[in-house]
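Q: Quick one: structure below, then a few questions.
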Amino acid sequence: SVKESSNTSTTVCCYCGVGCGIVVNKERNGTVTVVGDQEHPVNKGMLCSKGLNLQYTVNDKSDRLLYPQMRYNKSMPMQQVSWDEALDRTAAVFKTFIDKYGPDSVAFYASGQCLTEEYYVVNKLMKGFIGSNNLDTNSRLCMSSAVAAYKIALGEDSVPICYDDIELADCFFIAGGNPAWCHPILWRRVEAHKAANPNVKIIVVDPRITDTCAIADLHLPINPGTDITLNHAIGRLLIENGDIDIDFITNHAEGFEQYSAIVFERTLAESAQICGLSESSIQQAAKYIGDAKGFITMWTMGLNQSAIGVNKNLSLINLNLITGHIGKPGSGPFSLTGQPNAMGGREVGGLANLLPAHRELSNPVHREEVQKFWGGSIIQPKPGLTATEMFEALNDGRLKGIWIMCTNPLTSLPNVRLAEEALKKAKFVVVQEISNKPETLAYADVILPAAAWAEKEGTMTNSERRISYLNKIIEPPGEALPDSEIICRFARKMGYKGFDFENAAAIYAEHVKLTAKTTIDISGLSHAVIKENKTVQWPYKKKGRPGGTSRLFIDKAFYTPSKKARISAVPDTLTSERPDDDYPFILTTGRIRDQWHTMSKTGKVNKLNQHYKQAFVEIHPADAARLQINETDIVTISSRRGEVRVQAKLSAQIKRGVVFLPMHWGKILNNDLNRANNITNDLVDPISKEPDFKYCAVNVKRY
Ligand code: SF4
């Protein structure tokens with residue numbers, strides 16, 4: 001049993017949305033060591049390579065920003081200043097912009113790695129006091145298509161199931177994800193379940209043969225961009241085979257007739273041809289699903305990061321709805337969150353179109369409720385700028401100032417050279433960061449040093465709505481401060497009331513009050529209650545059951561006005577940039593096993609750099625042979641937006657005509673040719689505004 005002491009504390013991993021518990025030991029010399037928390041319900045002591053090596057990122061302070069820095073104009077060098085000087089000047093510049101150009105001339109771009117308390121205060125500051133909704137986060141690049149689809153299908157952004165459903169399911173449909181690498185500890189549970197129950201069926205849909213396919217009964221190497229066609233074809237077969245739940249469809253869902261009409265528009269042969277699959281493999285998938293007593297669909301970026309991401313999500317959720325596999329143990333749609341606290345950010349309304357507790361900016365009643373509670377400015381109904389829109393607005397001058405917090409957009413945004421141009425044109429850039437590595441720092445007018453993981457307290461919510469508490473274990477280096485403290489100090493400099501929080505627990509106490517009587521009601525929670533229960537799944541009302549609510553919709557009452565789930569008849573039209581004679585390949589991007597995002601933490605760990613030491617492009621040997629490309633040759637991959645130059649990695653595990661680039665590498669010294677996002681497309685989904693990272697047209701040549 002873990003006994004918290006001055007040397008031993010529990011916390012949660014700061015990487016993926018699985019949310020593994022970690023025990024941190026503080027050594028006498030001030031360094032820390034980490035092990036998995038055996039008492040944490042998520043991981044029961046296990047950690048993946050990234051979590052296991054967290055201690056190195058904490059102990060190595062060589063790249064840490066230690067004090068605030070500022071320059072009075074872009075031609076001057078940065079100089080060390082006090083916190084007061086940095087925040088006074090920032091407040092003065094923000095006030096000038098707001099007075100002269102209006103509140104929409106400034107923006108905050110934050111992160112799915114922020115703690116819930118940090119999200120809460122920056123959202124309150126921007127929407128409730130500055131009076132603009134220009135607060136978006138890199139969760140826009142990650143989960144926003146799933147958020148929009150849940151809202152359409154279920155009435156709210158609510159993940160219905162929990163990890164314990166894994167052991168109760170007998171069929172898994174994993175689309176657009178490689179959880180064996182990207183959600184490894186969760187995947188260990190699926191592997192163990194399959195090993196103990198060989199009859200459990202696993203279907204993996206991916207243009208690449210990934211490690212996730214190792215335990216698949218059926219791998220569908222789909223043509224990129226054709227998921228909706230596949231899901232509709234399976235839907236049609238389920239209807240034809242009588243494997244749908246008529247009672248659920250009749251009493252708890254709406255839209256089936258339109259859905260049925262659309263899925264019968266294509267024959268199986270047509271769909272198979274579009275998807276690049278055999279008819280029999282689609283029939284097999286439908287048979288596995290039709291036979292299942294517990295059916296879980298799992299997905300992540302392959303469906304979300306798409307110009308048709310919301311429709312892809314809806315077409316997959318439809319499979320759960322028409323089979324009635326939702327609201328019961330072992331069944332449901334399950335979006336795997338990319339970042340550790342994207343879910344917590346959604347709870348506090350930390351996206352440009354949301355308000356706290358899943359309230360909507362577009363709803364006047366919701367705006368009034370929040371405005372009354374905060375007592376600040378009038379909350380504007382117009383959605384703010386989303387992630388990519390912020391950089392467009394900097395480019396065309398609508399936006400004058402941007403505050404970038406806990407994220408590295410110059411590696412992670414699509415068509416990233418546009419973002420670089422945008423930061424060059426910005427009149428004022430604030431970068432709130434832990435590390436001196438991110439490329440954004442070169443464009444900053446003010447640099448604010450932030451406390452990192454283990455140096456501050458707060459909460460995060462994982463993929464299954466599970467809220468965990470993160471302890472402050474060590475002091476931040478130099479003058480670095482927790483992000484929420486920085487935002488509150490700035491808000492006070494702006495003259496706003498309501499930012500005098502004593503600590504993170506006080507921020508959390510205010511946040512939970514705003515959730516009362518909403519569908520994510522956690523009004524019974526506090527830091528103390530979370531610590532006492534170890535972790536809690538929302539909702540958790542006052543006098544909630546210990547541990548919270550593991551499953552939603554058990555009563556089949558959805559959050560739509562009719563209380564029925566919506567089956568959506570979505571078109572399967574692909575709007576992405578298609579290959580042509582000049583750019584004949586399809587590019588898809590993604591993660592590798594041992595790196596996290598833009599490598600500002602994992603890139604510091606030698607062990608993690610051994611897996612892949614440098615960026616590469618994966619290409620099918622037949623395509624490589626045609627282009628006279630050999631293993632490790634340097635190749636140029638170009639699109640209409642730019643170039644990447646990396647080593648070739650020949651692999652029969654990718655489809656012909658498709659190439660894969662890892663998304664982690666950014667600019668190294670002055671060389672930006674490792675950066676996948678030089679060439680990705682900034683086209684976005686019209687509803688979620690999530691970019692099309694997984695599909696654009698490129699050319700490949702030996703350098
Ligand atoms: Fe951290 Fe995710 Fe690995 Fe768990 S699975 S240790 S949360 S990176």
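Lettering and numbering for the structure tokens are positional, with chains as A, B, ... in the shown order, residues counted from 1 in each chain, and ligands counted from 1 in the shown order.
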Around ligand 1, at most 8 Å away and counting only C-alpha atoms and all ligand atoms, which residues are there? Put them as a list in words, please.
A: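 With only C-alpha atoms and all ligand atoms and a cut-off of 8 Å, ligand 1 is contacted by Val12, Cys13, Cys14, Tyr15, Cys16, Gly17, Val18, Gly19, Cys20, Gly21, Gly36, Asn43, Met46, Leu47, Cys48, Ser49, Lys50, Gly51, Leu52, Cys182, His183, Pro184, Ile185, Leu186 and Pro340 of chain A.
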Q: Keeping C-alpha atoms, export the residues of the selection given above as a short mmCIF file (atom, residue, chain, number, x, y, z; two decimals), in the first residue's frame.
A:
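The result, stored in again_18.cif:
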```
data_model
loop_
_atom_site.label_atom_id
_atom_site.label_comp_id
_atom_site.auth_asym_id
_atom_site.auth_seq_id
_atom_site.Cartn_x
_atom_site.Cartn_y
_atom_site.Cartn_z
CA VAL A 12 -0.75 10.66 -12.70
CA CYS A 13 1.27 10.37 -15.90
CA CYS A 14 1.35 13.58 -17.94
CA TYR A 15 1.39 11.97 -21.38
CA CYS A 16 -1.51 10.12 -22.98
CA GLY A 17 -5.20 10.02 -22.10
CA VAL A 18 -4.98 6.56 -20.52
CA GLY A 19 -4.18 8.32 -17.22
CA CYS A 20 -1.87 5.88 -15.40
CA GLY A 21 -1.18 6.34 -11.71
CA GLY A 36 3.64 2.57 -11.52
CA ASN A 43 -2.77 0.73 -14.62
CA MET A 46 2.11 -0.91 -15.06
CA LEU A 47 3.70 1.93 -17.02
CA CYS A 48 4.73 2.17 -20.66
CA SER A 49 8.16 3.30 -21.85
CA LYS A 50 7.19 6.98 -21.73
CA GLY A 51 5.74 6.87 -18.22
CA LEU A 52 8.61 4.76 -16.89
CA CYS A 182 -0.17 5.27 -28.36
CA HIS A 183 -2.34 3.99 -25.48
CA PRO A 184 -0.14 1.08 -24.41
CA ILE A 185 -1.38 0.34 -20.89
CA LEU A 186 -5.00 0.35 -21.99
CA PRO A 340 -3.73 13.59 -20.70
#
```
Q: Quick one: residues within 7 Å of Pro333 (chain A), only C-alpha atoms, excluding same-chain residues fewer than 2 positions away - as a list in words?
A: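 Close residues of Pro333 (chain A): Pro160, Ile296, Thr297, Met298, Ile317, Asn320 and Ser335 of chain A.
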Q: Save out the residues we just selected, N, CA and C atoms, as a PDB file, in the first residue's frame.
A:
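See selection13.pdb below for the written result:
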```pdb
ATOM      1  N   PRO A 160     -19.456   7.201 -23.157  1.00  0.00           N
ATOM      2  CA  PRO A 160     -20.410   6.415 -22.372  1.00  0.00           C
ATOM      3  C   PRO A 160     -19.788   5.329 -21.496  1.00  0.00           C
ATOM      4  N   ILE A 296     -17.402  -3.054 -28.538  1.00  0.00           N
ATOM      5  CA  ILE A 296     -16.790  -1.739 -28.295  1.00  0.00           C
ATOM      6  C   ILE A 296     -16.143  -1.233 -29.570  1.00  0.00           C
ATOM      7  N   THR A 297     -16.491  -0.009 -29.956  1.00  0.00           N
ATOM      8  CA  THR A 297     -15.741   0.657 -31.029  1.00  0.00           C
ATOM      9  C   THR A 297     -14.730   1.576 -30.359  1.00  0.00           C
ATOM     10  N   MET A 298     -13.492   1.520 -30.817  1.00  0.00           N
ATOM     11  CA  MET A 298     -12.438   2.389 -30.264  1.00  0.00           C
ATOM     12  C   MET A 298     -11.835   3.154 -31.420  1.00  0.00           C
ATOM     13  N   ILE A 317     -20.047   5.562 -34.610  1.00  0.00           N
ATOM     14  CA  ILE A 317     -20.984   5.505 -33.471  1.00  0.00           C
ATOM     15  C   ILE A 317     -22.302   4.848 -33.915  1.00  0.00           C
ATOM     16  N   ASN A 320     -22.651   1.219 -33.104  1.00  0.00           N
ATOM     17  CA  ASN A 320     -23.093   0.912 -31.743  1.00  0.00           C
ATOM     18  C   ASN A 320     -24.595   1.135 -31.591  1.00  0.00           C
ATOM     19  N   SER A 335     -13.931   6.822 -27.615  1.00  0.00           N
ATOM     20  CA  SER A 335     -12.864   7.631 -28.214  1.00  0.00           C
ATOM     21  C   SER A 335     -11.681   7.635 -27.252  1.00  0.00           C
TER      22      SER A 335
END
```
Q: For Asp136 (chain A), which of A:Val200, A:Leu354, A:Ala697, A:Ile619 is the closest residue, counting only C-alpha atoms?
A: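 Checking each of A:Val200, A:Leu354, A:Ala697, A:Ile619 against Asp136 (chain A), counting only C-alpha atoms, the winner is A:Leu354.
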Q: At a cut-off of 7 Å, using only C-alpha atoms, what residues contact region 369-383 of chain A? Leave out same-chain residues fewer than 5 positions from it and give the result as an mmCIF file with C-alpha atoms, in the first residue's frame.
A:
```
data_model
loop_
_atom_site.group_PDB
_atom_site.id
_atom_site.type_symbol
_atom_site.label_atom_id
_atom_site.label_comp_id
_atom_site.auth_asym_id
_atom_site.auth_seq_id
_atom_site.Cartn_x
_atom_site.Cartn_y
_atom_site.Cartn_z
ATOM 1 C CA LYS A 127 -14.535 34.566 -21.942
ATOM 2 C CA GLY A 128 -15.707 36.067 -18.669
ATOM 3 C CA PHE A 129 -13.517 39.157 -18.292
ATOM 4 C CA GLY A 131 -14.867 39.531 -23.273
ATOM 5 C CA SER A 132 -13.661 37.458 -26.207
ATOM 6 C CA ASN A 133 -14.012 33.744 -26.920
ATOM 7 C CA ALA A 352 -13.491 28.480 -28.526
ATOM 8 C CA ASN A 353 -17.142 27.368 -28.835
ATOM 9 C CA LEU A 361 -21.768 29.676 -26.129
ATOM 10 C CA SER A 362 -24.638 29.742 -28.597
#
```
Q: Can you pull out the residues contacting region 174-176 of chain A? Cut-off 12 Å, using only C-alpha atoms, and skip same-chain residues under 6 positions away; I want them as a PyMOL selection string.
A: chain A and resi 182+187+190+201-210+212-213+215-228+230-231+285+295-306+309+312-313+315-317+333-336+588-590+694
Q: So that I have them on file, write out the residues from the current selection with C-alpha atoms, as a tab-separated table (two decimals), in the first residue's frame.
A:
```tsv
chain	number	residue	atom	x	y	z
A	182	CYS	CA	-0.17	5.27	-28.36
A	187	TRP	CA	-4.04	-1.96	-24.84
A	190	VAL	CA	-7.26	-5.72	-24.30
A	201	LYS	CA	-12.76	-10.88	-31.79
A	202	ILE	CA	-10.55	-7.95	-32.64
A	203	ILE	CA	-11.00	-6.01	-35.87
A	204	VAL	CA	-8.37	-3.37	-36.71
A	205	VAL	CA	-8.97	-0.83	-39.47
A	206	ASP	CA	-5.75	0.87	-40.57
A	207	PRO	CA	-3.91	1.44	-43.87
A	208	ARG	CA	-0.78	0.26	-42.02
A	209	ILE	CA	-0.07	-3.04	-40.28
A	210	THR	CA	0.76	-1.71	-36.83
A	212	THR	CA	-2.07	-3.28	-32.71
A	213	CYS	CA	-2.68	-5.78	-35.52
A	215	ILE	CA	-3.65	-9.72	-31.87
A	216	ALA	CA	-6.22	-8.85	-34.55
A	217	ASP	CA	-8.51	-11.55	-35.88
A	218	LEU	CA	-9.16	-9.31	-38.85
A	219	HIS	CA	-7.07	-6.45	-40.19
A	220	LEU	CA	-8.79	-4.23	-42.74
A	221	PRO	CA	-6.03	-2.30	-44.60
A	222	ILE	CA	-8.40	0.37	-45.72
A	223	ASN	CA	-7.66	3.05	-48.31
A	224	PRO	CA	-7.12	6.28	-46.36
A	225	GLY	CA	-10.22	8.45	-46.14
A	226	THR	CA	-12.76	5.70	-46.83
A	227	ASP	CA	-13.86	4.87	-43.26
A	228	ILE	CA	-17.41	6.13	-43.75
A	230	LEU	CA	-16.64	0.92	-44.78
A	231	ASN	CA	-18.81	1.70	-41.74
A	285	ALA	CA	-16.27	-7.84	-39.83
A	295	PHE	CA	-19.22	-4.61	-28.74
A	296	ILE	CA	-16.79	-1.74	-28.30
A	297	THR	CA	-15.74	0.66	-31.03
A	298	MET	CA	-12.44	2.39	-30.26
A	299	TRP	CA	-10.92	5.16	-32.28
A	300	THR	CA	-8.51	8.00	-32.15
A	301	MET	CA	-6.69	10.35	-34.53
A	302	GLY	CA	-7.24	8.40	-37.77
A	303	LEU	CA	-10.90	9.33	-37.53
A	304	ASN	CA	-10.61	12.64	-35.69
A	305	GLN	CA	-7.85	14.36	-37.68
A	306	SER	CA	-9.78	14.55	-40.91
A	309	GLY	CA	-13.72	13.79	-39.04
A	312	LYS	CA	-16.30	9.54	-39.71
A	313	ASN	CA	-16.99	9.55	-35.97
A	315	SER	CA	-20.58	6.66	-39.00
A	316	LEU	CA	-18.72	4.59	-36.41
A	317	ILE	CA	-20.98	5.50	-33.47
A	333	PRO	CA	-18.34	3.85	-28.48
A	334	PHE	CA	-15.00	4.77	-26.92
A	335	SER	CA	-12.86	7.63	-28.21
A	336	LEU	CA	-9.33	7.26	-26.87
A	588	THR	CA	-0.57	10.16	-43.34
A	589	THR	CA	1.13	11.26	-40.11
A	590	GLY	CA	1.19	9.90	-36.57
A	694	LYS	CA	-4.16	12.13	-41.98
```
Q: Return the single residue from A:Thr636, A:Thr11, A:Asn138, A:Gln55 that is closest to Ile473 (chain A), with distances computed using only C-alpha atoms.
A: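 Of A:Thr636, A:Thr11, A:Asn138, A:Gln55, the one nearest Ile473 (chain A) is A:Thr11, counting only C-alpha atoms.
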Q: Which polymer residues have any atom within 9 Å of an atom of Leu661 (chain A), counting only C-alpha atoms, with same-chain residues fewer than 6 positions away left out, as a PDB file with N, CA and C atoms, in the first residue's frame?
A:
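Dumped to result.pdb:
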```pdb
ATOM      1  N   LEU A 587      -0.237  11.175 -48.014  1.00  0.00           N
ATOM      2  CA  LEU A 587       0.562  11.245 -46.784  1.00  0.00           C
ATOM      3  C   LEU A 587      -0.340  11.073 -45.574  1.00  0.00           C
ATOM      4  N   THR A 588       0.093  10.223 -44.638  1.00  0.00           N
ATOM      5  CA  THR A 588      -0.566  10.157 -43.344  1.00  0.00           C
ATOM      6  C   THR A 588       0.509  10.355 -42.267  1.00  0.00           C
ATOM      7  N   THR A 589       0.139  10.984 -41.154  1.00  0.00           N
ATOM      8  CA  THR A 589       1.132  11.256 -40.107  1.00  0.00           C
ATOM      9  C   THR A 589       0.663  10.622 -38.805  1.00  0.00           C
ATOM     10  N   GLY A 590       1.590  10.481 -37.857  1.00  0.00           N
ATOM     11  CA  GLY A 590       1.190   9.898 -36.569  1.00  0.00           C
ATOM     12  C   GLY A 590       2.345   9.810 -35.603  1.00  0.00           C
ATOM     13  N   ARG A 591       2.077   9.093 -34.518  1.00  0.00           N
ATOM     14  CA  ARG A 591       3.067   8.980 -33.453  1.00  0.00           C
ATOM     15  C   ARG A 591       3.964   7.769 -33.641  1.00  0.00           C
ATOM     16  N   ALA A 615      13.963  11.284 -37.722  1.00  0.00           N
ATOM     17  CA  ALA A 615      12.714  11.218 -38.478  1.00  0.00           C
ATOM     18  C   ALA A 615      12.898  10.336 -39.710  1.00  0.00           C
ATOM     19  N   PHE A 616      11.809   9.782 -40.205  1.00  0.00           N
ATOM     20  CA  PHE A 616      11.875   8.884 -41.362  1.00  0.00           C
ATOM     21  C   PHE A 616      10.550   8.954 -42.112  1.00  0.00           C
ATOM     22  N   VAL A 617      10.563   8.425 -43.319  1.00  0.00           N
ATOM     23  CA  VAL A 617       9.304   8.249 -44.035  1.00  0.00           C
ATOM     24  C   VAL A 617       9.139   6.765 -44.324  1.00  0.00           C
ATOM     25  N   GLU A 618       7.969   6.257 -44.003  1.00  0.00           N
ATOM     26  CA  GLU A 618       7.696   4.844 -44.276  1.00  0.00           C
ATOM     27  C   GLU A 618       7.058   4.748 -45.660  1.00  0.00           C
ATOM     28  N   ARG A 675      10.383  18.192 -40.234  1.00  0.00           N
ATOM     29  CA  ARG A 675       9.088  18.566 -39.661  1.00  0.00           C
ATOM     30  C   ARG A 675       7.943  18.166 -40.593  1.00  0.00           C
ATOM     31  N   ALA A 676       7.204  17.129 -40.189  1.00  0.00           N
ATOM     32  CA  ALA A 676       6.120  16.605 -41.033  1.00  0.00           C
ATOM     33  C   ALA A 676       5.123  17.700 -41.407  1.00  0.00           C
TER      34      ALA A 676
END
```
Q: Which one of A:Ile687, A:Met143, A:Ile586, A:Leu650 sits closest to Thr337 (chain A) if you count only C-alpha atoms?
A: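 Closest to Thr337 (chain A), using only C-alpha atoms: A:Met143.
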Q: Could you give me the residues within region 353-532 of chain A that DSSP places in alpha helix (DSSP H), as a PyMOL selection string?
A: chain A and resi 364-374+387-395+409-412+416-425+483-493+504-514+527-532
Q: Would you save the residues of that selection, restricted to C-alpha atoms, as a PDB file, in the first residue's frame?
A:
```pdb
ATOM      1  CA  PRO A 364     -28.327  32.468 -24.159  1.00  0.00           C
ATOM      2  CA  VAL A 365     -29.452  30.683 -20.978  1.00  0.00           C
ATOM      3  CA  HIS A 366     -26.029  29.059 -20.641  1.00  0.00           C
ATOM      4  CA  ARG A 367     -24.265  32.372 -21.230  1.00  0.00           C
ATOM      5  CA  GLU A 368     -26.366  34.073 -18.589  1.00  0.00           C
ATOM      6  CA  GLU A 369     -25.775  31.310 -16.034  1.00  0.00           C
ATOM      7  CA  VAL A 370     -22.023  31.544 -16.413  1.00  0.00           C
ATOM      8  CA  GLN A 371     -21.932  35.337 -16.616  1.00  0.00           C
ATOM      9  CA  LYS A 372     -23.935  35.630 -13.407  1.00  0.00           C
ATOM     10  CA  PHE A 373     -21.650  33.158 -11.681  1.00  0.00           C
ATOM     11  CA  TRP A 374     -18.434  34.857 -12.776  1.00  0.00           C
ATOM     12  CA  ALA A 387      -6.419  26.803 -33.334  1.00  0.00           C
ATOM     13  CA  THR A 388      -5.743  27.204 -37.058  1.00  0.00           C
ATOM     14  CA  GLU A 389      -7.986  30.279 -37.315  1.00  0.00           C
ATOM     15  CA  MET A 390      -5.872  32.098 -34.708  1.00  0.00           C
ATOM     16  CA  PHE A 391      -2.812  31.840 -36.894  1.00  0.00           C
ATOM     17  CA  GLU A 392      -4.778  32.863 -39.988  1.00  0.00           C
ATOM     18  CA  ALA A 393      -5.995  35.908 -38.048  1.00  0.00           C
ATOM     19  CA  LEU A 394      -2.431  36.800 -37.017  1.00  0.00           C
ATOM     20  CA  ASN A 395      -1.429  36.549 -40.668  1.00  0.00           C
ATOM     21  CA  PRO A 409       2.431  25.126 -32.443  1.00  0.00           C
ATOM     22  CA  LEU A 410       5.486  25.585 -34.668  1.00  0.00           C
ATOM     23  CA  THR A 411       5.888  21.819 -34.722  1.00  0.00           C
ATOM     24  CA  SER A 412       2.314  20.673 -34.261  1.00  0.00           C
ATOM     25  CA  VAL A 416       3.240  25.020 -40.131  1.00  0.00           C
ATOM     26  CA  ARG A 417       5.212  27.532 -42.178  1.00  0.00           C
ATOM     27  CA  LEU A 418       2.031  29.638 -42.333  1.00  0.00           C
ATOM     28  CA  ALA A 419       2.017  29.637 -38.546  1.00  0.00           C
ATOM     29  CA  GLU A 420       5.646  30.757 -38.588  1.00  0.00           C
ATOM     30  CA  GLU A 421       4.753  33.644 -40.885  1.00  0.00           C
ATOM     31  CA  ALA A 422       1.878  34.460 -38.544  1.00  0.00           C
ATOM     32  CA  LEU A 423       4.120  34.712 -35.483  1.00  0.00           C
ATOM     33  CA  LYS A 424       6.547  36.906 -37.435  1.00  0.00           C
ATOM     34  CA  LYS A 425       3.670  39.284 -38.164  1.00  0.00           C
ATOM     35  CA  ASP A 483       0.372  28.055 -15.007  1.00  0.00           C
ATOM     36  CA  SER A 484      -2.752  28.878 -12.991  1.00  0.00           C
ATOM     37  CA  GLU A 485      -0.759  31.213 -10.734  1.00  0.00           C
ATOM     38  CA  ILE A 486       0.652  33.012 -13.800  1.00  0.00           C
ATOM     39  CA  ILE A 487      -2.811  33.491 -15.309  1.00  0.00           C
ATOM     40  CA  CYS A 488      -4.320  34.691 -12.018  1.00  0.00           C
ATOM     41  CA  ARG A 489      -1.477  37.176 -11.447  1.00  0.00           C
ATOM     42  CA  PHE A 490      -2.004  38.512 -14.974  1.00  0.00           C
ATOM     43  CA  ALA A 491      -5.793  38.767 -14.462  1.00  0.00           C
ATOM     44  CA  ARG A 492      -5.202  40.828 -11.332  1.00  0.00           C
ATOM     45  CA  LYS A 493      -2.805  43.084 -13.247  1.00  0.00           C
ATOM     46  CA  ALA A 504      -5.466  25.097  -6.854  1.00  0.00           C
ATOM     47  CA  ALA A 505      -8.028  23.490  -4.531  1.00  0.00           C
ATOM     48  CA  ALA A 506      -9.872  26.815  -4.359  1.00  0.00           C
ATOM     49  CA  ILE A 507      -9.963  27.038  -8.168  1.00  0.00           C
ATOM     50  CA  TYR A 508     -11.296  23.502  -8.302  1.00  0.00           C
ATOM     51  CA  ALA A 509     -13.966  24.342  -5.722  1.00  0.00           C
ATOM     52  CA  GLU A 510     -15.222  27.160  -7.960  1.00  0.00           C
ATOM     53  CA  HIS A 511     -15.140  24.947 -11.063  1.00  0.00           C
ATOM     54  CA  VAL A 512     -17.228  22.158  -9.479  1.00  0.00           C
ATOM     55  CA  LYS A 513     -19.890  24.650  -8.339  1.00  0.00           C
ATOM     56  CA  LEU A 514     -20.493  25.602 -11.970  1.00  0.00           C
ATOM     57  CA  HIS A 527      -9.372  17.889  -4.122  1.00  0.00           C
ATOM     58  CA  ALA A 528      -9.906  16.255  -0.709  1.00  0.00           C
ATOM     59  CA  VAL A 529     -12.676  13.937  -1.982  1.00  0.00           C
ATOM     60  CA  ILE A 530     -10.635  12.910  -5.026  1.00  0.00           C
ATOM     61  CA  LYS A 531      -7.626  12.126  -2.834  1.00  0.00           C
ATOM     62  CA  GLU A 532      -9.798  10.172  -0.425  1.00  0.00           C
TER      63      GLU A 532
END
```
Q: Rounded to one decimal, what separation in Å do you get between CA of Thr229 (chain A) and CA of Gly155 (chain A)?
A: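 Pair CA of Thr229 (chain A) / CA of Gly155 (chain A) returns 24.3 Å.
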Q: Would you list, as a PyMOL selection string, the residues of region 582-703 of chain A that end up in strand (DSSP E or B) under DSSP run on this structure's backbone?
A: chain A and resi 585-590+616-619+634-639+642-650+654+658-662+668+671+684+691+696-702
Q: To one decimal place, how far is CA of Gln537 (chain A) from CA of Cys114 (chain A) in Å?
A: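 Spanning CA of Gln537 (chain A) to CA of Cys114 (chain A) is a straight-line distance of 18.9 Å.
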Q: Just the number, please: distance in Å from CA of Gly112 (chain A) to CA of Leu448 (chain A), one decimal.
A: 18.7 Å
Q: Nearest residue to Asp500 (chain A) out of A:Pro438, A:Ser280, A:Val121, A:Val429, using only C-alpha atoms?
A: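 Looking at the shortest contact to Asp500 (chain A), the residue is A:Val121.
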